[in-house]
Amino acid sequence: MPRRFHIETVGCQMNVLDSELVTASLLAAGYEAARNRREADVVLFNTCSVRQHAEDKVYSALGRLKHLKDQHPHKIIAVLGCMAQKDQAGIFKRAPHVDLVVGPGQIGRLPLLLAQVAAARQPLMEVSLGRRAASRAEVEQSFEAYDPIRIVQARQSVHQAMVRVMFGCDKFCTYCIVPSVRGPEQSRPFDEIESEVRQLADQGCVEVTLLGQTVNSYQATAGGRRVGLADLLYRLNSVEGLRRIKFVTNYPRGMGDDLLQAVRDLQKVAPYLHVPAQSGSNAILKRMKRGYAVEEYRQLLERIRATVPGAAVTSDFIVGFCGETEQDFEQTVDLVRFGRFKNSFIFKYSPRAGTKADELFDADVPEDVKRRRNNELLAVQNAISQEENEPFVGRAVEILVEGPSKAAEKQARQGSIVQLTGRTACDRIVVFDGDPSLAGRMLQVEIESANSFTLFARPARRPGTA
Ligand code: 5AD
Ligand code: SF4
């Protein structure tokens, strides 16, 4: 009987992509997807370490599995990804019923490791070297590259896919665990990315999102010369069948004019830039070791507006970082007002063991202050998002139809007209009623109303009708 697996994912898009690749490798090894944890022979958690909350979620899910494991001792429980790399054998201590711990740099060997665990019937751990445990080359090698052949069955959508262009991060912002758990910055070869995107387009994929922790630091050689993200965008723009290219996440200092010009000039590249600022206060930016002053970030915003008019810019902010005063916070509010971001992701600072901030600074902002600042900043951002969405009302926009909204998935299977979602080139969510078979098409729709998160469009005609 084939073995059945169930994978649950927390965290960023890189994790969603890793889970897709793991799913593909397990299907190729003869496993079948189970509907839930109970029915699965192998339960996998692909984990995140960026904030405490993401870890708590996984540990409590693991706790709830103890009973099931007692009843079914042959069930294999595996913890993958960033938390596996961060906590390592500590996971077995907190959850002794876990069988397998696999870092993000070893997930390519998962089918093999599962077979080993099943045969030996004892716990197994495979993780990468720590950043200072060996030479850079050795540490790099211990984060094994993993980007296999893509298969449609493993993806959420036939029409959209993520493509890794880089592994790891070398920026070492003081609050951030990512450089430790995802390893040194390494770019994938230019031609390999291109052939993966061509393959995806051949499979019917119309939109790719290029992924890297600092995607605009991409560096490789092609045709004997150094190439960067802008060159990659030029190359991918000519892939037949592909309609839209996005890339996340950008590091502010790497936002060169060549990249902005590529976004302006290339028809398939979405005018959408996610460039996290993290704070509007120079004292805080310095303590975060972000490598820029707020004035430079403001100049970057002006450069974006001048070069790519109408581009949507989005940002991340951390509130309540070590030593953040009310004045520091007000400067962040000012930056949000100035930036007029399409939206911002706002996080309360979460101390991470193993980071410089945790070692050097006192996490002195109380939880209730963090919460208030979070809510205040969110309210300012939401008002701006609403104002930025309103001009779309009455306008026709081109969207890529993604498919039925979450609420309408069941009806969609019955073939009726349902609520669909799509996105504009500038990454705005559009909701409208239409035929589910429109999924994957580019469509002109007219916007009728807007709130701060969503544009609402007029119902679309059935495909094929004049
Ligand atoms: N606490 C809170 N937020 C964090 N981020 C990264 N590390 C932390 C932390 N320790 C946020 C940053 C980053 C986003 C992915 O997560 O804003 O851009
Ligand atoms: Fe973390 Fe900074 Fe690297 Fe982003 S750039 S992953 S915030 S260390």
# chains A, B, ... in the order shown; residues from 1 in each chain; ligands from 1
$ residues_near_ligand --ligand "ligand 2" --cutoff "10 Å" --atoms "only C-alpha atoms and all ligand atoms" --output "ChimeraX atom specification"
/A:50,168-182,184-185,212-215,217,249-252,276-278,288-291,316,355
$ write_last_selection --atoms "N, CA, C and O atoms" --output "CSV table (one decimal), in the first residue's frame"
chain,number,residue,atom,x,y,z
A,50,VAL,N,10.9,33.1,12.4
A,50,VAL,CA,11.1,34.6,12.3
A,50,VAL,C,10.5,35.3,13.5
A,50,VAL,O,11.1,36.3,14.0
A,168,GLY,N,19.4,32.0,1.2
A,168,GLY,CA,20.1,32.6,2.3
A,168,GLY,C,20.1,34.1,2.3
A,168,GLY,O,19.5,34.8,1.5
A,169,CYS,N,20.9,34.6,3.3
A,169,CYS,CA,21.0,36.1,3.5
A,169,CYS,C,22.3,36.4,4.2
A,169,CYS,O,22.7,35.7,5.1
A,170,ASP,N,22.9,37.5,3.7
A,170,ASP,CA,24.2,37.9,4.4
A,170,ASP,C,24.0,39.3,5.1
A,170,ASP,O,25.0,39.9,5.4
A,171,LYS,N,22.8,39.8,5.2
A,171,LYS,CA,22.7,41.1,5.7
A,171,LYS,C,22.8,41.2,7.2
A,171,LYS,O,23.2,42.2,7.8
A,172,PHE,N,22.4,40.2,7.9
A,172,PHE,CA,22.5,40.1,9.4
A,172,PHE,C,21.9,41.3,10.1
A,172,PHE,O,22.5,41.9,11.0
A,173,CYS,N,20.7,41.7,9.7
A,173,CYS,CA,20.0,42.7,10.5
A,173,CYS,C,19.9,42.2,11.9
A,173,CYS,O,19.7,41.0,12.1
A,174,THR,N,20.1,43.0,12.9
A,174,THR,CA,20.3,42.5,14.3
A,174,THR,C,19.2,41.7,14.9
A,174,THR,O,19.3,40.9,15.7
A,175,TYR,N,17.9,42.0,14.4
A,175,TYR,CA,16.7,41.3,15.0
A,175,TYR,C,16.5,40.0,14.3
A,175,TYR,O,15.6,39.2,14.8
A,176,CYS,N,17.2,39.7,13.2
A,176,CYS,CA,16.6,38.6,12.3
A,176,CYS,C,17.4,37.3,12.4
A,176,CYS,O,18.6,37.3,12.4
A,177,ILE,N,16.7,36.2,12.4
A,177,ILE,CA,17.2,34.9,12.6
A,177,ILE,C,17.6,34.3,11.2
A,177,ILE,O,18.3,33.3,11.1
A,178,VAL,N,17.0,34.9,10.1
A,178,VAL,CA,17.1,34.3,8.8
A,178,VAL,C,18.6,33.9,8.4
A,178,VAL,O,18.8,32.8,7.9
A,179,PRO,N,19.5,34.8,8.5
A,179,PRO,CA,20.9,34.5,8.1
A,179,PRO,C,21.4,33.2,8.8
A,179,PRO,O,22.2,32.5,8.2
A,180,SER,N,21.0,33.0,10.0
A,180,SER,CA,21.5,31.8,10.7
A,180,SER,C,20.8,30.5,10.2
A,180,SER,O,21.4,29.5,10.0
A,181,VAL,N,19.5,30.6,10.0
A,181,VAL,CA,18.8,29.4,9.6
A,181,VAL,C,18.7,29.1,8.1
A,181,VAL,O,18.5,27.9,7.7
A,182,ARG,N,18.9,30.1,7.3
A,182,ARG,CA,18.8,29.9,5.9
A,182,ARG,C,20.2,29.9,5.2
A,182,ARG,O,20.4,29.8,4.0
A,184,PRO,N,24.3,31.2,4.2
A,184,PRO,CA,24.9,32.3,3.4
A,184,PRO,C,24.1,32.5,2.1
A,184,PRO,O,23.5,31.6,1.5
A,185,GLU,N,24.2,33.8,1.7
A,185,GLU,CA,23.6,34.2,0.4
A,185,GLU,C,24.2,33.4,-0.8
A,185,GLU,O,25.4,33.5,-0.9
A,212,GLY,N,13.7,35.6,-3.2
A,212,GLY,CA,15.0,35.7,-2.5
A,212,GLY,C,14.8,36.5,-1.3
A,212,GLY,O,14.0,37.4,-1.3
A,213,GLN,N,15.5,36.2,-0.2
A,213,GLN,CA,15.4,37.0,1.0
A,213,GLN,C,15.8,38.5,0.7
A,213,GLN,O,15.2,39.4,1.3
A,214,THR,N,16.8,38.6,-0.1
A,214,THR,CA,17.2,40.0,-0.7
A,214,THR,C,17.3,39.8,-2.2
A,214,THR,O,18.4,39.7,-2.7
A,215,VAL,N,16.2,39.7,-2.9
A,215,VAL,CA,16.1,39.2,-4.2
A,215,VAL,C,17.0,40.1,-5.2
A,215,VAL,O,17.5,39.7,-6.2
A,217,SER,N,19.7,41.4,-4.5
A,217,SER,CA,21.2,41.2,-4.4
A,217,SER,C,21.6,40.0,-5.4
A,217,SER,O,22.8,39.6,-5.4
A,249,THR,N,11.9,39.5,-1.9
A,249,THR,CA,11.8,40.8,-1.2
A,249,THR,C,13.0,41.6,-1.5
A,249,THR,O,14.1,41.1,-1.6
A,250,ASN,N,12.8,42.9,-1.7
A,250,ASN,CA,14.0,43.8,-2.0
A,250,ASN,C,14.6,44.4,-0.8
A,250,ASN,O,13.9,44.7,0.2
A,251,TYR,N,15.9,44.6,-0.9
A,251,TYR,CA,16.7,45.2,0.2
A,251,TYR,C,16.9,46.7,-0.3
A,251,TYR,O,17.3,46.9,-1.4
A,252,PRO,N,16.5,47.7,0.5
A,252,PRO,CA,16.5,49.1,0.0
A,252,PRO,C,17.8,49.5,-0.6
A,252,PRO,O,17.8,50.1,-1.7
A,276,PRO,N,11.0,46.6,2.2
A,276,PRO,CA,10.8,46.8,3.6
A,276,PRO,C,11.7,47.9,4.2
A,276,PRO,O,12.9,47.9,3.9
A,277,ALA,N,11.0,48.9,4.9
A,277,ALA,CA,11.8,50.0,5.5
A,277,ALA,C,12.2,49.6,7.0
A,277,ALA,O,13.2,50.0,7.5
A,278,GLN,N,11.3,48.9,7.7
A,278,GLN,CA,11.4,48.4,9.0
A,278,GLN,C,11.2,49.4,10.1
A,278,GLN,O,10.6,49.2,11.1
A,288,MET,N,19.2,48.4,14.3
A,288,MET,CA,18.8,47.2,13.5
A,288,MET,C,19.9,46.8,12.5
A,288,MET,O,19.8,45.8,11.9
A,289,LYS,N,20.9,47.7,12.3
A,289,LYS,CA,22.0,47.5,11.3
A,289,LYS,C,21.4,47.3,9.9
A,289,LYS,O,21.8,46.4,9.2
A,290,ARG,N,20.5,48.2,9.6
A,290,ARG,CA,19.9,48.1,8.3
A,290,ARG,C,20.7,48.7,7.1
A,290,ARG,O,20.5,48.4,6.0
A,291,GLY,N,21.7,49.5,7.5
A,291,GLY,CA,22.6,49.9,6.5
A,291,GLY,C,22.2,51.2,5.7
A,291,GLY,O,22.7,51.5,4.6
A,316,ASP,N,7.6,46.5,5.1
A,316,ASP,CA,7.4,45.8,6.4
A,316,ASP,C,7.9,46.8,7.4
A,316,ASP,O,8.9,47.5,7.2
A,355,THR,N,20.4,36.0,17.8
A,355,THR,CA,20.6,37.2,17.0
A,355,THR,C,21.4,38.2,17.8
A,355,THR,O,21.5,38.1,19.0
$ residues_around --residues "Thr307 of chain A" --least-positions-apart "5" --cutoff "12 Å" --atoms "only C-alpha atoms" --output "list in words"
Met255, Gly256, Asp257, Asp258, Leu259, Leu260, Gln261, Ala262, Val263, Arg264, Asp265, Pro271, Leu300, Leu301 and Glu302 of chain A
$ atom_distance --atom1 "atom CA of His274 of chain A" --atom2 "atom CA of Val248 of chain A"
6.1 Å
$ select_by_dssp --residues "segment 106-215 of chain A" --states "strand (DSSP E)" --output "VMD selection string"
chain A and resid 124 to 126 160 to 164 166 to 167 186 to 187 207 to 211
$ closest_residue --among "A:Arg155, A:Arg188, A:Arg340, A:Arg198" --to "Phe167 of chain A" --atoms "only C-alpha atoms"
A:Arg188
$ closest_residue --among "A:Asn282, A:Ser49, A:Ser128, A:Gln156" --to "ligand 1" --atoms "only C-alpha atoms and all ligand atoms"
A:Ser49
$ atom_distance --atom1 "atom CA of Ile193 of chain A" --atom2 "atom CA of Leu110 of chain A"
22.7 Å
$ atom_distance --atom1 "atom CA of Pro189 of chain A" --atom2 "atom CA of Arg164 of chain A"
10.7 Å
$ closest_residue --among "A:Gly63, A:Pro351, A:Gly130, A:Gly30" --to "ligand 1" --atoms "only C-alpha atoms and all ligand atoms"
A:Pro351
$ residues_around --residues "segment 369-379 of chain A" --least-positions-apart "5" --cutoff "7 Å" --atoms "only C-alpha atoms" --output "list in words"
Val319, Gly320, Val333, Ile346, Phe347 and Lys348 of chain A
$ write_last_selection --atoms "C-alpha atoms" --output "mmCIF file, in the first residue's frame"
data_model
loop_
_atom_site.group_PDB
_atom_site.id
_atom_site.type_symbol
_atom_site.label_atom_id
_atom_site.label_comp_id
_atom_site.auth_asym_id
_atom_site.auth_seq_id
_atom_site.Cartn_x
_atom_site.Cartn_y
_atom_site.Cartn_z
ATOM 1 C CA VAL A 319 7.331 48.173 16.129
ATOM 2 C CA GLY A 320 8.678 47.989 19.659
ATOM 3 C CA VAL A 333 4.320 56.911 11.378
ATOM 4 C CA ILE A 346 3.500 45.411 10.591
ATOM 5 C CA PHE A 347 5.086 43.187 13.230
ATOM 6 C CA LYS A 348 5.714 43.476 16.938
#
$ select_by_dssp --residues "segment 126-228 of chain A" --states "alpha helix (DSSP H)" --output "list in words"
Arg136, Ala137, Glu138, Val139, Glu140, Gln141, Ser142, Val178, Pro179, Ser180, Val181, Arg182, Phe190, Asp191, Glu192, Ile193, Glu194, Ser195, Glu196, Val197, Arg198, Gln199, Leu200, Ala201 and Asp202 of chain A
$ residues_around --residues "segment 321-330 of chain A" --least-positions-apart "5" --cutoff "7 Å" --atoms "only C-alpha atoms" --output "PyMOL selection string"
chain A and resi 281+284+349+361-365
$ closest_residue --among "A:Asp358, A:Asp435, A:Asp368, A:Glu446" --to "ligand 1" --atoms "only C-alpha atoms and all ligand atoms"
A:Asp358
$ closest_residue --among "A:Ala29, A:Val239, A:Val101, A:Ala120" --to "Val269 of chain A" --atoms "only C-alpha atoms"
A:Val239
$ closest_residue --among "A:Ser315, A:Gln414, A:Thr221, A:Thr424" --to "ligand 1" --atoms "only C-alpha atoms and all ligand atoms"
A:Ser315
$ closest_atom_pairs --of "segment 29-78 of chain A" --to "segment 12-19 of chain A" --cutoff "9 Å" --atoms "only C-alpha atoms" --output "tab-separated table"
residue	atom	partner	partner_atom	distance
A:Asn46	CA	A:Ser19	CA	6.8
A:Thr47	CA	A:Asn15	CA	7.6
A:Cys48	CA	A:Cys12	CA	7.7
$ write_last_selection --atoms "C-alpha atoms" --output "short mmCIF file (atom, residue, chain, number, x, y, z; two decimals), in the first residue's frame"
data_model
loop_
_atom_site.label_atom_id
_atom_site.label_comp_id
_atom_site.auth_asym_id
_atom_site.auth_seq_id
_atom_site.Cartn_x
_atom_site.Cartn_y
_atom_site.Cartn_z
CA ASN A 46 7.49 23.00 7.46
CA THR A 47 8.34 25.60 10.07
CA CYS A 48 9.29 29.26 10.54
#
